[in-house]
>>> print(open('start_22.csv').read())   # CSV, C-alpha atoms and all ligand atoms
chain,number,residue,atom,x,y,z
A,1,MET,CA,27.2,0.5,-9.1
A,2,THR,CA,25.6,-0.5,-5.7
A,3,ARG,CA,22.4,-2.5,-5.4
A,4,ASP,CA,20.4,-3.5,-2.4
A,5,LYS,CA,18.0,-6.5,-2.5
A,6,HIS,CA,15.7,-4.9,-5.0
A,7,THR,CA,17.2,-1.9,-6.8
A,8,VAL,CA,20.3,-0.2,-8.1
A,9,LYS,CA,20.8,2.4,-5.4
A,10,PHE,CA,24.0,4.1,-6.3
A,11,THR,CA,26.0,4.5,-9.5
A,12,LYS,CA,29.3,4.2,-7.6
A,13,PRO,CA,30.4,1.3,-5.3
A,14,VAL,CA,29.5,3.0,-2.0
A,15,LEU,CA,30.8,1.6,1.3
A,16,SER,CA,28.5,0.5,4.0
A,17,ASN,CA,27.5,-2.0,6.7
A,18,LYS,CA,24.3,-4.0,5.9
A,19,ASP,CA,21.7,-1.8,7.4
A,20,GLY,CA,23.3,1.4,6.3
A,21,LEU,CA,22.8,0.5,2.7
A,22,GLN,CA,19.3,-0.7,3.3
A,23,LEU,CA,18.4,2.6,5.0
A,24,ALA,CA,20.2,4.8,2.5
A,25,THR,CA,18.2,7.0,0.1
A,26,PRO,CA,18.6,5.8,-3.5
A,27,GLU,CA,20.7,8.2,-5.6
A,28,ILE,CA,17.9,9.3,-7.9
A,29,ALA,CA,15.7,10.2,-4.9
A,30,ALA,CA,18.6,11.9,-3.1
A,31,LYS,CA,19.4,14.0,-6.2
A,32,TYR,CA,15.8,15.2,-6.4
A,33,ILE,CA,15.6,16.1,-2.7
A,34,ALA,CA,19.0,17.9,-2.9
A,35,ARG,CA,17.8,20.0,-5.9
A,36,ARG,CA,14.6,20.9,-4.1
A,37,LEU,CA,16.6,21.9,-0.9
A,38,LYS,CA,19.4,23.7,-2.7
A,39,THR,CA,20.7,26.4,-0.3
A,40,GLY,CA,23.8,27.9,1.3
A,41,THR,CA,24.2,25.7,4.4
A,42,ILE,CA,22.2,22.6,5.1
A,43,ALA,CA,22.4,20.1,8.0
A,44,ASP,CA,21.5,16.4,7.6
A,45,LEU,CA,20.6,15.0,11.0
A,46,GLY,CA,21.2,11.3,11.2
A,47,CYS,CA,23.1,11.1,7.9
A,48,GLY,CA,23.7,7.3,8.0
A,49,ILE,CA,26.3,6.3,5.3
A,50,GLY,CA,25.8,9.7,3.5
A,51,GLY,CA,23.5,8.7,0.7
A,52,GLN,CA,21.8,12.1,0.9
A,53,VAL,CA,24.7,14.1,2.1
A,54,ILE,CA,26.7,13.4,-1.1
A,55,PHE,CA,24.0,15.1,-3.2
A,56,PHE,CA,23.4,18.0,-0.8
A,57,ALA,CA,27.1,18.6,-1.1
A,58,LYS,CA,26.8,18.8,-4.9
A,59,GLU,CA,24.0,21.3,-4.7
A,60,CYS,CA,24.7,23.4,-1.6
A,61,ASP,CA,27.7,25.5,-0.5
A,62,ARG,CA,28.2,23.6,2.8
A,63,VAL,CA,26.8,20.6,4.6
A,64,TYR,CA,26.8,19.5,8.2
A,65,ALA,CA,26.5,15.7,8.4
A,66,VAL,CA,25.5,14.6,11.9
A,67,GLU,CA,25.4,10.9,12.9
A,68,ARG,CA,25.6,9.2,16.3
A,69,ASN,CA,27.0,5.9,14.9
A,70,PRO,CA,30.7,6.3,14.4
A,71,GLU,CA,31.0,3.4,11.9
A,72,LYS,CA,28.3,4.9,9.7
A,73,LEU,CA,29.8,8.4,9.9
A,74,ASP,CA,33.1,6.9,8.8
A,75,TYR,CA,31.4,5.3,5.8
A,76,ALA,CA,29.7,8.7,5.1
A,77,LYS,CA,33.2,10.3,4.9
A,78,LYS,CA,34.5,7.6,2.6
A,79,ASN,CA,31.4,7.8,0.3
A,80,CYS,CA,31.8,11.6,0.1
A,81,GLU,CA,35.4,11.1,-1.0
A,82,LEU,CA,34.2,8.5,-3.6
A,83,TYR,CA,31.8,11.0,-5.1
A,84,GLY,CA,34.5,13.8,-5.0
A,85,VAL,CA,32.8,16.2,-2.6
A,86,ASP,CA,34.8,18.0,0.1
A,87,ASN,CA,32.4,20.7,1.5
A,88,VAL,CA,31.0,18.5,4.3
A,89,GLU,CA,31.7,18.9,8.0
A,90,PHE,CA,31.2,15.5,9.7
A,91,ILE,CA,29.9,15.7,13.3
A,92,LEU,CA,29.7,12.6,15.5
A,93,GLY,CA,26.9,13.2,18.0
A,94,ASP,CA,23.3,13.1,19.0
A,95,ALA,CA,21.1,15.2,16.7
A,96,LEU,CA,18.8,16.0,19.7
A,97,SER,CA,21.5,17.5,21.9
A,98,PRO,CA,21.7,21.3,22.4
A,99,LYS,CA,25.5,20.9,21.9
A,100,THR,CA,24.9,19.6,18.3
A,101,ARG,CA,22.4,22.3,17.7
A,102,ASP,CA,24.9,25.0,18.8
A,103,LYS,CA,27.5,23.6,16.4
A,104,ILE,CA,25.2,23.9,13.4
A,105,SER,CA,23.3,27.0,14.3
A,106,ASP,CA,24.1,28.8,11.1
A,107,SER,CA,22.2,26.2,8.9
A,108,ASP,CA,19.7,27.6,6.4
A,109,ILE,CA,17.8,24.3,6.3
A,110,ILE,CA,17.6,21.5,8.7
A,111,PHE,CA,16.9,18.1,7.1
A,112,SER,CA,16.5,14.6,8.6
A,113,ASP,CA,15.7,11.2,7.2
A,114,PRO,CA,15.0,9.4,10.6
A,115,ALA,CA,15.5,5.7,11.0
A,116,ARG,CA,12.2,3.8,11.3
A,117,PRO,CA,11.6,0.2,12.3
A,118,LEU,CA,11.7,-2.2,9.3
A,119,ALA,CA,8.2,-3.5,10.1
A,120,GLU,CA,5.4,-2.0,12.2
A,121,LYS,CA,1.7,-3.1,12.5
A,122,ARG,CA,0.6,0.5,11.8
A,123,ARG,CA,3.1,3.2,10.7
A,124,THR,CA,3.4,6.1,13.2
A,125,LEU,CA,5.8,8.9,13.8
A,126,ASP,CA,6.4,7.7,17.4
A,127,ASN,CA,9.1,5.2,16.6
A,128,LEU,CA,11.2,7.4,14.3
A,129,GLU,CA,14.8,8.1,15.4
A,130,PRO,CA,15.3,11.0,15.8
A,131,ARG,CA,11.6,11.9,16.4
A,132,ILE,CA,10.3,14.7,14.2
A,133,ASP,CA,8.5,16.6,17.0
A,134,ASP,CA,11.7,16.6,19.0
A,135,LEU,CA,13.6,18.0,16.0
A,136,ILE,CA,11.0,20.7,15.5
A,137,LYS,CA,11.2,21.7,19.1
A,138,LEU,CA,15.0,21.9,19.2
A,139,TYR,CA,15.7,23.4,15.7
A,140,SER,CA,12.8,25.8,14.9
A,141,GLY,CA,14.6,28.6,16.9
A,142,ILE,CA,17.4,28.4,14.3
A,143,THR,CA,15.3,28.2,11.1
A,144,GLN,CA,11.7,27.6,10.0
A,145,SER,CA,13.0,25.8,6.9
A,146,LEU,CA,12.8,22.2,8.0
A,147,ALA,CA,12.3,19.0,5.9
A,148,PHE,CA,11.9,15.5,7.1
A,149,HIS,CA,11.2,12.1,5.6
A,150,ALA,CA,8.3,10.2,7.2
A,151,PRO,CA,6.8,6.7,6.5
A,152,PRO,CA,5.0,7.1,3.1
A,153,GLN,CA,2.2,4.7,4.2
A,154,MET,CA,0.9,7.5,6.5
A,155,PRO,CA,-1.9,9.7,5.1
A,156,PRO,CA,-1.6,13.5,5.9
A,157,GLU,CA,-4.6,13.4,8.3
A,158,ARG,CA,-2.7,10.9,10.6
A,159,ILE,CA,0.4,13.2,10.7
A,160,GLY,CA,-1.5,16.4,11.3
A,161,LEU,CA,1.4,18.8,11.0
A,162,ASP,CA,1.3,22.2,9.1
A,163,CYS,CA,3.6,21.4,6.2
A,164,GLU,CA,3.7,20.2,2.6
A,165,TYR,CA,3.2,16.4,2.3
A,166,GLU,CA,5.2,15.3,-0.8
A,167,TYR,CA,4.7,11.6,-1.7
A,168,MET,CA,7.3,10.2,-4.1
A,169,SER,CA,6.9,7.4,-6.6
A,170,LEU,CA,10.1,5.7,-7.7
A,171,ASN,CA,9.9,3.3,-10.7
A,172,GLY,CA,6.2,3.0,-10.1
A,173,GLN,CA,6.4,2.2,-6.4
A,174,LEU,CA,5.6,4.5,-3.4
A,175,ASN,CA,9.0,5.3,-2.1
A,176,ARG,CA,8.9,8.0,0.5
A,177,LEU,CA,7.1,10.9,2.0
A,178,THR,CA,8.8,14.2,2.7
A,179,LEU,CA,7.4,16.9,4.9
A,180,TYR,CA,8.4,20.5,4.1
A,181,PHE,CA,7.9,23.3,6.6
A,182,GLY,CA,8.1,27.1,6.5
A,183,THR,CA,9.3,28.7,3.3
A,184,LEU,CA,9.9,25.2,1.8
A,185,LYS,CA,6.2,24.5,1.8
A,186,LYS,CA,4.7,25.0,-1.7
A,187,CYS,CA,1.2,23.6,-1.2
A,188,ARG,CA,-0.5,21.3,1.2
A,189,ARG,CA,-0.1,17.9,-0.7
A,190,SER,CA,2.1,17.0,-3.6
A,191,ALA,CA,3.3,14.1,-5.6
A,192,VAL,CA,6.5,13.6,-7.5
A,193,VAL,CA,7.3,10.9,-10.0
A,194,LEU,CA,10.8,9.6,-10.5
A,195,PRO,CA,12.5,9.2,-12.9
A,196,GLY,CA,11.2,12.1,-14.9
A,197,ASN,CA,10.7,14.6,-12.0
A,198,ALA,CA,7.0,15.2,-12.8
A,199,TYR,CA,5.6,17.2,-9.9
A,200,LEU,CA,1.9,17.9,-9.0
A,201,CYS,CA,0.7,20.2,-6.2
A,202,SER,CA,-2.7,20.3,-4.6
A,203,SER,CA,-4.9,23.1,-5.9
A,204,ASP,CA,-8.6,24.1,-6.2
A,205,ALA,CA,-9.0,21.7,-9.1
A,206,PRO,CA,-12.4,20.1,-9.1
A,207,ALA,CA,-12.7,16.5,-7.9
A,208,ILE,CA,-12.4,13.9,-10.8
A,209,GLU,CA,-15.7,12.7,-12.0
A,210,THR,CA,-16.7,9.0,-12.0
A,211,ALA,CA,-17.8,7.5,-15.3
A,212,LYS,CA,-18.5,4.2,-17.0
A,213,ILE,CA,-15.6,2.4,-18.4
A,214,GLY,CA,-14.1,3.7,-21.7
A,215,GLU,CA,-11.8,2.0,-24.2
A,216,TYR,CA,-8.7,2.6,-22.0
A,217,VAL,CA,-7.8,2.4,-18.3
A,218,TYR,CA,-4.9,3.9,-16.5
A,219,GLU,CA,-3.2,3.2,-13.2
A,220,PRO,CA,-2.2,6.5,-11.7
A,221,GLU,CA,1.2,6.7,-10.0
A,222,PRO,CA,0.9,5.6,-6.4
A,223,SER,CA,2.3,9.0,-5.1
A,224,VAL,CA,-0.6,10.8,-6.9
A,225,VAL,CA,-3.2,8.4,-5.3
A,226,LYS,CA,-1.6,8.6,-1.8
A,227,ALA,CA,-1.6,12.4,-2.0
A,228,GLY,CA,-5.2,12.5,-3.1
A,229,LEU,CA,-4.5,14.4,-6.3
A,230,LEU,CA,-6.6,12.7,-8.9
A,231,GLY,CA,-8.6,15.9,-9.6
A,232,GLU,CA,-5.3,17.8,-10.0
A,233,LEU,CA,-4.1,15.0,-12.3
A,234,ALA,CA,-7.2,15.3,-14.5
A,235,SER,CA,-6.7,19.0,-14.7
A,236,THR,CA,-3.3,18.5,-16.2
A,237,ILE,CA,-4.7,16.7,-19.2
A,238,PRO,CA,-4.9,19.1,-22.2
A,239,GLY,CA,-8.5,20.3,-23.0
A,240,SER,CA,-8.6,18.6,-26.4
A,241,CYS,CA,-8.4,15.1,-24.9
A,242,ASN,CA,-9.8,16.0,-21.5
A,243,ASP,CA,-12.1,13.0,-21.1
A,244,ILE,CA,-10.3,11.3,-18.2
A,245,TYR,CA,-12.6,9.9,-15.4
A,246,PHE,CA,-12.3,7.9,-12.2
A,247,TYR,CA,-13.5,4.3,-12.9
A,248,LYS,CA,-13.0,2.3,-9.7
A,249,GLY,CA,-10.5,2.2,-6.8
A,250,ASP,CA,-9.9,0.6,-3.5
A,251,GLU,CA,-6.9,0.4,-1.0
A,252,ARG,CA,-5.0,-1.8,-3.4
A,253,ARG,CA,-5.7,-0.4,-6.9
A,254,THR,CA,-7.2,2.6,-8.6
A,255,LEU,CA,-8.1,2.9,-12.3
A,256,LEU,CA,-9.0,5.9,-14.3
A,257,THR,CA,-10.6,5.6,-17.7
A,258,SER,CA,-11.1,7.5,-21.0
A,259,SER,CA,-12.5,6.9,-24.5
A,260,SER,CA,-9.4,8.0,-26.3
A,261,LEU,CA,-5.8,7.2,-25.5
A,262,ILE,CA,-4.1,9.8,-23.2
A,263,ALA,CA,-0.5,10.2,-22.1
A,264,SER,CA,0.5,11.6,-18.7
A,265,PRO,CA,3.7,11.4,-16.6
A,266,PHE,CA,1.3,10.8,-13.7
A,267,PHE,CA,0.2,7.4,-15.2
A,268,LYS,CA,2.1,4.4,-14.1
A,269,ASP,CA,0.7,2.2,-16.8
A,270,ARG,CA,-1.9,2.5,-19.6
A,271,TYR,CA,-4.1,-0.4,-20.8
A,272,ARG,CA,-6.6,-1.1,-23.6
A,273,VAL,CA,-9.7,-2.7,-22.2
A,274,ALA,CA,-10.2,-5.9,-24.2
A,275,ALA,CA,-13.2,-7.2,-22.2
A,276,ARG,CA,-15.2,-7.1,-19.0
A,277,THR,CA,-16.4,-10.3,-17.5
A,278,GLU,CA,-17.5,-11.9,-14.2
A,279,ARG,CA,-15.2,-13.4,-11.7
A,280,ASP,CA,-15.7,-16.9,-13.1
A,281,ILE,CA,-12.8,-19.0,-14.3
A,282,SER,CA,-14.5,-20.5,-17.4
A,283,LYS,CA,-15.8,-17.1,-18.5
A,284,ILE,CA,-12.4,-15.4,-18.0
A,285,LYS,CA,-10.7,-18.3,-19.9
A,286,GLY,CA,-13.2,-18.0,-22.8
A,287,THR,CA,-12.4,-14.2,-23.1
A,288,LEU,CA,-8.7,-14.9,-22.9
A,289,ALA,CA,-8.9,-17.5,-25.7
A,290,ALA,CA,-10.9,-15.2,-27.9
A,291,GLU,CA,-8.2,-12.5,-27.4
A,292,LYS,CA,-5.3,-14.9,-28.3
A,293,ALA,CA,-3.8,-14.7,-24.9
A,294,GLY,CA,-0.9,-16.8,-23.8
A,295,LYS,CA,-0.1,-15.3,-20.3
A,296,VAL,CA,-2.0,-13.4,-17.6
A,297,VAL,CA,-0.9,-11.1,-14.8
A,298,LEU,CA,-3.3,-11.2,-11.9
A,299,ARG,CA,-4.4,-7.9,-10.3
A,300,LEU,CA,-7.2,-9.6,-8.4
A,301,ASP,CA,-7.5,-10.2,-4.7
A,302,VAL,CA,-5.9,-13.6,-4.6
A,303,ALA,CA,-4.1,-14.9,-1.5
A,304,PRO,CA,-0.4,-14.8,-2.2
A,305,ASP,CA,0.0,-18.6,-1.8
A,306,GLU,CA,-2.8,-19.1,-4.3
A,307,TYR,CA,-1.5,-16.8,-7.0
A,308,TRP,CA,0.3,-19.4,-9.1
A,309,THR,CA,-2.5,-21.9,-8.7
A,310,VAL,CA,-5.0,-19.5,-10.1
A,311,ARG,CA,-2.6,-18.2,-12.7
A,312,ASN,CA,-1.7,-21.7,-14.0
A,313,GLU,CA,-5.4,-22.6,-14.1
A,314,LEU,CA,-6.1,-19.5,-16.3
A,315,GLU,CA,-3.1,-20.0,-18.5
A,316,ASN,CA,-3.6,-23.7,-19.0
A,317,GLY,CA,-4.7,-24.4,-22.6
A,318,LEU,CA,-4.1,-20.8,-23.9
A,319,ALA,CA,-2.4,-21.0,-27.3
A,320,GLY,CA,-1.8,-17.3,-28.0
A,321,SER,CA,1.2,-15.1,-27.4
A,322,LYS,CA,-0.3,-11.9,-25.8
A,323,THR,CA,-0.2,-11.0,-22.1
A,324,PHE,CA,-3.3,-9.7,-20.4
A,325,HIS,CA,-3.7,-8.1,-17.1
A,326,LEU,CA,-6.8,-9.0,-15.1
A,327,PHE,CA,-8.1,-6.3,-12.8
A,328,GLY,CA,-10.7,-7.3,-10.2
A,329,PHE,CA,-13.2,-5.2,-8.4
A,330,GLY,CA,-15.6,-7.3,-6.5
A,331,ASP,CA,-17.3,-9.7,-9.0
A,332,GLU,CA,-16.1,-7.7,-12.0
A,333,VAL,CA,-12.9,-8.6,-13.9
A,334,LEU,CA,-11.4,-6.3,-16.6
A,335,VAL,CA,-9.2,-8.1,-19.2
A,336,CYS,CA,-6.7,-5.5,-20.2
A,337,GLU,CA,-3.7,-5.3,-22.5
A,338,LYS,CA,-0.8,-3.0,-21.4
A,339,ILE,CA,0.1,-0.3,-23.9
A,340,LYS,CA,3.9,-0.2,-24.4
A,341,ARG,CA,5.6,3.0,-23.4
B,401,LIG,C1,17.4,6.3,7.7
B,401,LIG,S1,19.0,6.5,8.3
B,401,LIG,C2,19.6,7.8,7.3
B,401,LIG,C3,20.0,7.3,5.9
B,401,LIG,C4,20.6,8.4,5.1
B,401,LIG,N1,19.7,9.3,4.6
B,401,LIG,C5,21.4,7.8,3.9
B,401,LIG,O1,20.9,8.0,2.7
B,401,LIG,O2,22.4,7.1,4.1
B,401,LIG,C6,18.8,7.3,9.8
B,401,LIG,C7,20.1,7.5,10.6
B,401,LIG,O3,19.8,8.3,11.8
B,401,LIG,C8,20.7,7.9,12.8
B,401,LIG,N2,20.2,8.5,14.0
B,401,LIG,C9,19.1,8.1,14.7
B,401,LIG,N3,18.9,8.9,15.8
B,401,LIG,C10,19.9,9.7,15.8
B,401,LIG,C11,20.2,10.8,16.7
B,401,LIG,N4,19.5,11.1,17.8
B,401,LIG,N5,21.3,11.5,16.4
B,401,LIG,C12,22.1,11.2,15.4
B,401,LIG,N6,21.8,10.2,14.5
B,401,LIG,C13,20.7,9.5,14.7
B,401,LIG,C14,20.8,6.4,12.7
B,401,LIG,O4,22.0,5.9,13.3
B,401,LIG,C15,20.7,6.2,11.2
B,401,LIG,O5,22.0,6.1,10.6
>>> encode(input="start_22.csv", output="structure tokens", more="lines below")
Ligand SMILES: C[S@@+](CC[C@H](N)C(=O)[O-])C[C@H]1O[C@@H](n2cnc3c(N)ncnc32)[C@H](O)[C@@H]1O
Amino acid sequence: MTRDKHTVKFTKPVLSNKDGLQLATPEIAAKYIARRLKTGTIADLGCGIGGQVIFFAKECDRVYAVERNPEKLDYAKKNCELYGVDNVEFILGDALSPKTRDKISDSDIIFSDPARPLAEKRRTLDNLEPRIDDLIKLYSGITQSLAFHAPPQMPPERIGLDCEYEYMSLNGQLNRLTLYFGTLKKCRRSAVVLPGNAYLCSSDAPAIETAKIGEYVYEPEPSVVKAGLLGELASTIPGSCNDIYFYKGDERRTLLTSSSLIASPFFKDRYRVAARTERDISKIKGTLAAEKAGKVVLRLDVAPDEYWTVRNELENGLAGSKTFHLFGFGDEVLVCEKIKR
């Protein structure tokens, strides 16, 4: 098993330098992308340590793995051996050179997961390496079936390319955005939720209606929110319990609501609404005591360095054993209990 700082990335002990592992696509995401791009011959341009190549090799007949960094390409070879795949041709070179293009000109699909700066004030496509527009220029003469990863923080309007924008949630976090061109495009915007592989495509579903708060609230998966698919999500709920509404949302959090308890693979978490109160410490504490709370999780706008001060103040004196989540929208605070999966 191989972990990076936050997650288990691979089920086998892959070899890497430090940034190669950090940039590598986690196995569960790589498997999903490989199944979606299953084909005869695929090229991965800028393959890094081979996190994606391994799974392309398991799904496709043949893979070209192109990388300009010889150390990483060497790790990619070793990692492919580790996973027992031998249908990969490794090419040391610049993905943007016509020489590389000519070597891989029989590819059915061209894929790239370009490197991006670890931090940027505002995410853009300009600093990706290789750049997506250069890849399109060089490779669209070979095939129209192109797929690229892009920074998931970017909304479709800011990218402005004619393709499918697929946002991916992994373990409840926004993980990546993949752009699919040509025959790979299934719709304009989509969301996928991993694990579980739930997939939602943009359609002519009506926009979700807004309503007063019901007995339950739901946090939609971030990929669904980012792709703007709340109406589509609502239309997946079966008719018999179709009372899902938008409650409130801002840049940081979105809540849907209903009067009866609903299940959906596109909900990250579900909550029972215990109470609604004002953003006033003593009122919140009174509500928490009445609900036999012992702990709180803050989903309010609190400066990161004040989080524990506010949380300790709220928990101080609570004698119960339950945990409540406090969602804040302006002056309103919802006191909610998470429903176990
Ligand atoms: C985000 S990493 C790819 C990670 C890979 N998907 C994985 O799972 O291991 C991007 C890679 O593109 C490579 N790269 C950037 N520009 C390139 C170019 N013009 N030609 C070839 N490789 C390039 C970088 O060296 C880096 O290893």
>>> residues_near_ligand(input="start_22.csv", ligand="ligand LIG 401 (chain B)", cutoff="10 Å", atoms="only C-alpha atoms and all ligand atoms", output="number ranges by chain")
A: 9, 16, 19-27, 29-30, 44-55, 65-73, 75-76, 79, 91-97, 100, 111-117, 128-131, 134-135, 149-150
>>> atom_distance(input="start_22.csv", atom1="CA of Asp108 in chain A", atom2="CA of Thr41 in chain A")
5.3 Å
>>> atom_distance(input="start_22.csv", atom1="CA of Ser264 in chain A", atom2="CA of Lys31 in chain A")
22.8 Å
>>> residues_around(input="start_22.csv", residues="Asp102 in chain A", least_positions_apart="4", cutoff="10 Å", atoms="all atoms listed in the file", output="VMD selection string")
chain A and resid 97 to 98 106 139 142
>>> atom_distance(input="start_22.csv", atom1="CA of Ile281 in chain A", atom2="CA of Leu314 in chain A")
7.0 Å
>>> closest_residue(input="start_22.csv", among="A:Arg189, A:Arg101, A:Arg311, A:Arg270", to="Leu230 in chain A", atoms="only C-alpha atoms")
A:Arg189
>>> closest_residue(input="start_22.csv", among="A:Thr287, A:Thr254, A:Thr178, A:Ser259", to="Phe329 in chain A", atoms="all atoms listed in the file")
A:Thr254
>>> residues_around(input="start_22.csv", residues="range 199-212 of chain A", least_positions_apart="3", cutoff="6 Å", atoms="only C-alpha atoms", output="PyMOL selection string")
chain A and resi 189-192+231-232+245-247
>>> write_last_selection(input="start_22.csv", atoms="C-alpha atoms", output="compact mmCIF listing (two decimals), in the coordinates of the input")
# COMPACT_ATOMS: atom_id res chain seq x y z
CA ARG A 189 -0.10 17.90 -0.70
CA SER A 190 2.10 17.00 -3.60
CA ALA A 191 3.30 14.10 -5.60
CA VAL A 192 6.50 13.60 -7.50
CA GLY A 231 -8.60 15.90 -9.60
CA GLU A 232 -5.30 17.80 -10.00
CA TYR A 245 -12.60 9.90 -15.40
CA PHE A 246 -12.30 7.90 -12.20
CA TYR A 247 -13.50 4.30 -12.90
>>> closest_residue(input="start_22.csv", among="A:Ser105, A:Arg158, A:Tyr32, A:Ala274", to="Gly141 in chain A", atoms="only C-alpha atoms")
A:Ser105
>>> closest_residue(input="start_22.csv", among="A:Arg188, A:His325, A:Arg35, A:Arg62", to="Ala293 in chain A", atoms="only C-alpha atoms")
A:His325
>>> residues_near_point(input="start_22.csv", point="(6.6, 19.5, 13.6)", cutoff="8 Å", atoms="only C-alpha atoms", output="PDB file with C-alpha atoms, keeping the file's coordinate frame")
ATOM      1  CA  ILE A 132      10.300  14.700  14.200  1.00  0.00           C
ATOM      2  CA  ASP A 133       8.500  16.600  17.000  1.00  0.00           C
ATOM      3  CA  ASP A 134      11.700  16.600  19.000  1.00  0.00           C
ATOM      4  CA  LEU A 135      13.600  18.000  16.000  1.00  0.00           C
ATOM      5  CA  ILE A 136      11.000  20.700  15.500  1.00  0.00           C
ATOM      6  CA  LYS A 137      11.200  21.700  19.100  1.00  0.00           C
ATOM      7  CA  LEU A 161       1.400  18.800  11.000  1.00  0.00           C
ATOM      8  CA  ASP A 162       1.300  22.200   9.100  1.00  0.00           C
TER       9      ASP A 162
END
>>> closest_residue(input="start_22.csv", among="A:Val14, A:Gln173, A:Ile28, A:Ser321", to="Glu81 in chain A", atoms="only C-alpha atoms")
A:Val14
>>> closest_residue(input="start_22.csv", among="A:Leu318, A:Ile244, A:Ala57, A:Ile33", to="Ser260 in chain A", atoms="all atoms listed in the file")
A:Ile244
